[in-house]
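Structure record follows, encoded as structure tokens.
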Amino acid sequence: MIDKANTAKRERFLRLGQTRTVKLLKAITVLSHCSNRSLYDYRDEEIEKIFNAIEKATLEAKMKFKGNEPVNFKL
């Protein structure tokens with residue numbers, strides 16, 4: 001017997017997961033357009049901050065999928 005509630009949840013995840021992933025990948029591509037030095041001026045430290053923030057958010061999201069809440073660490 002197929003559980004209709006679980007099927008609906010699965011379908012919703014597939015639809016939203018795909019849509020949101022495509023949107024995120026497009027946003028990253030648009031961000032990469034800022035790498036054109038003839039149009040933009042930026043410092044290496046600023047690029048590090050951007051990608052550190054992206055990597056942190058990605059790790060936190062991945063941990064949530066694995067059932068772990070991210071641990072906020074501060075010195």
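Residue numbers start at 1 in each chain; chains themselves are named A, B, ... in the order of the structure tokens; ligands are numbered from 1 in the order shown.
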Stretch 34-71 of chain A residues near stretch 16-27 of chain A within 12 Å, closest pair each, using only C-alpha atoms, as a Markdown table:
| residue | atom | partner | partner_atom | distance |
| --- | --- | --- | --- | --- |
| A:Cys34 | CA | A:Ala27 | CA | 11.5 |
| A:Ile54 | CA | A:Leu24 | CA | 10.9 |
| A:Thr58 | CA | A:Leu24 | CA | 10.9 |
Give the helix (DSSP H, G or I) residues of chain A, as assigned by DSSP on the backbone, as a PyMOL selection string. chain A and resi 4-35+44-65
Kindly save the residues from that selection, with C-alpha atoms included, as a PDB file, in the first residue's frame.
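What landed in result39.pdb:
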ATOM      1  CA  LYS A   4      -0.190   9.148   0.049  1.00  0.00           C
ATOM      2  CA  ALA A   5       1.153  11.553   2.686  1.00  0.00           C
ATOM      3  CA  ASN A   6       4.730  10.339   2.186  1.00  0.00           C
ATOM      4  CA  THR A   7       4.300  10.401  -1.587  1.00  0.00           C
ATOM      5  CA  ALA A   8       3.139  14.020  -1.425  1.00  0.00           C
ATOM      6  CA  LYS A   9       6.089  14.939   0.815  1.00  0.00           C
ATOM      7  CA  ARG A  10       8.480  13.222  -1.588  1.00  0.00           C
ATOM      8  CA  GLU A  11       7.016  14.979  -4.609  1.00  0.00           C
ATOM      9  CA  ARG A  12       7.152  18.346  -2.835  1.00  0.00           C
ATOM     10  CA  PHE A  13      10.802  17.770  -1.875  1.00  0.00           C
ATOM     11  CA  LEU A  14      11.758  16.819  -5.433  1.00  0.00           C
ATOM     12  CA  ARG A  15       9.977  19.840  -6.899  1.00  0.00           C
ATOM     13  CA  LEU A  16      11.270  22.386  -4.395  1.00  0.00           C
ATOM     14  CA  GLY A  17      14.707  20.826  -4.067  1.00  0.00           C
ATOM     15  CA  GLN A  18      15.293  20.993  -7.803  1.00  0.00           C
ATOM     16  CA  THR A  19      13.870  24.501  -8.197  1.00  0.00           C
ATOM     17  CA  ARG A  20      15.875  25.906  -5.298  1.00  0.00           C
ATOM     18  CA  THR A  21      19.093  24.181  -6.379  1.00  0.00           C
ATOM     19  CA  VAL A  22      18.799  25.571  -9.916  1.00  0.00           C
ATOM     20  CA  LYS A  23      18.131  29.042  -8.480  1.00  0.00           C
ATOM     21  CA  LEU A  24      21.185  28.772  -6.210  1.00  0.00           C
ATOM     22  CA  LEU A  25      23.449  27.601  -9.035  1.00  0.00           C
ATOM     23  CA  LYS A  26      22.287  30.514 -11.209  1.00  0.00           C
ATOM     24  CA  ALA A  27      23.018  32.943  -8.354  1.00  0.00           C
ATOM     25  CA  ILE A  28      26.548  31.551  -8.054  1.00  0.00           C
ATOM     26  CA  THR A  29      27.031  31.974 -11.796  1.00  0.00           C
ATOM     27  CA  VAL A  30      25.834  35.575 -11.581  1.00  0.00           C
ATOM     28  CA  LEU A  31      28.207  36.176  -8.672  1.00  0.00           C
ATOM     29  CA  SER A  32      31.091  34.866 -10.760  1.00  0.00           C
ATOM     30  CA  HIS A  33      30.425  37.629 -13.286  1.00  0.00           C
ATOM     31  CA  CYS A  34      31.848  40.018 -10.672  1.00  0.00           C
ATOM     32  CA  SER A  35      35.256  38.414 -11.229  1.00  0.00           C
ATOM     33  CA  ASP A  44      41.445  39.145  -2.217  1.00  0.00           C
ATOM     34  CA  GLU A  45      40.236  39.480   1.392  1.00  0.00           C
ATOM     35  CA  GLU A  46      36.768  40.388   0.152  1.00  0.00           C
ATOM     36  CA  ILE A  47      36.647  37.320  -2.073  1.00  0.00           C
ATOM     37  CA  GLU A  48      37.741  35.162   0.872  1.00  0.00           C
ATOM     38  CA  LYS A  49      34.902  36.617   2.992  1.00  0.00           C
ATOM     39  CA  ILE A  50      32.342  35.908   0.277  1.00  0.00           C
ATOM     40  CA  PHE A  51      33.410  32.307  -0.261  1.00  0.00           C
ATOM     41  CA  ASN A  52      33.871  31.619   3.449  1.00  0.00           C
ATOM     42  CA  ALA A  53      30.263  32.729   3.996  1.00  0.00           C
ATOM     43  CA  ILE A  54      29.056  30.536   1.119  1.00  0.00           C
ATOM     44  CA  GLU A  55      31.021  27.527   2.385  1.00  0.00           C
ATOM     45  CA  LYS A  56      29.747  28.025   5.940  1.00  0.00           C
ATOM     46  CA  ALA A  57      26.127  28.232   4.773  1.00  0.00           C
ATOM     47  CA  THR A  58      26.597  25.146   2.589  1.00  0.00           C
ATOM     48  CA  LEU A  59      28.081  23.151   5.470  1.00  0.00           C
ATOM     49  CA  GLU A  60      25.281  24.215   7.821  1.00  0.00           C
ATOM     50  CA  ALA A  61      22.625  23.198   5.294  1.00  0.00           C
ATOM     51  CA  LYS A  62      24.318  19.841   4.706  1.00  0.00           C
ATOM     52  CA  MET A  63      24.475  19.196   8.447  1.00  0.00           C
ATOM     53  CA  LYS A  64      20.726  19.842   8.738  1.00  0.00           C
ATOM     54  CA  PHE A  65      20.060  17.189   6.081  1.00  0.00           C
TER      55      PHE A  65
END
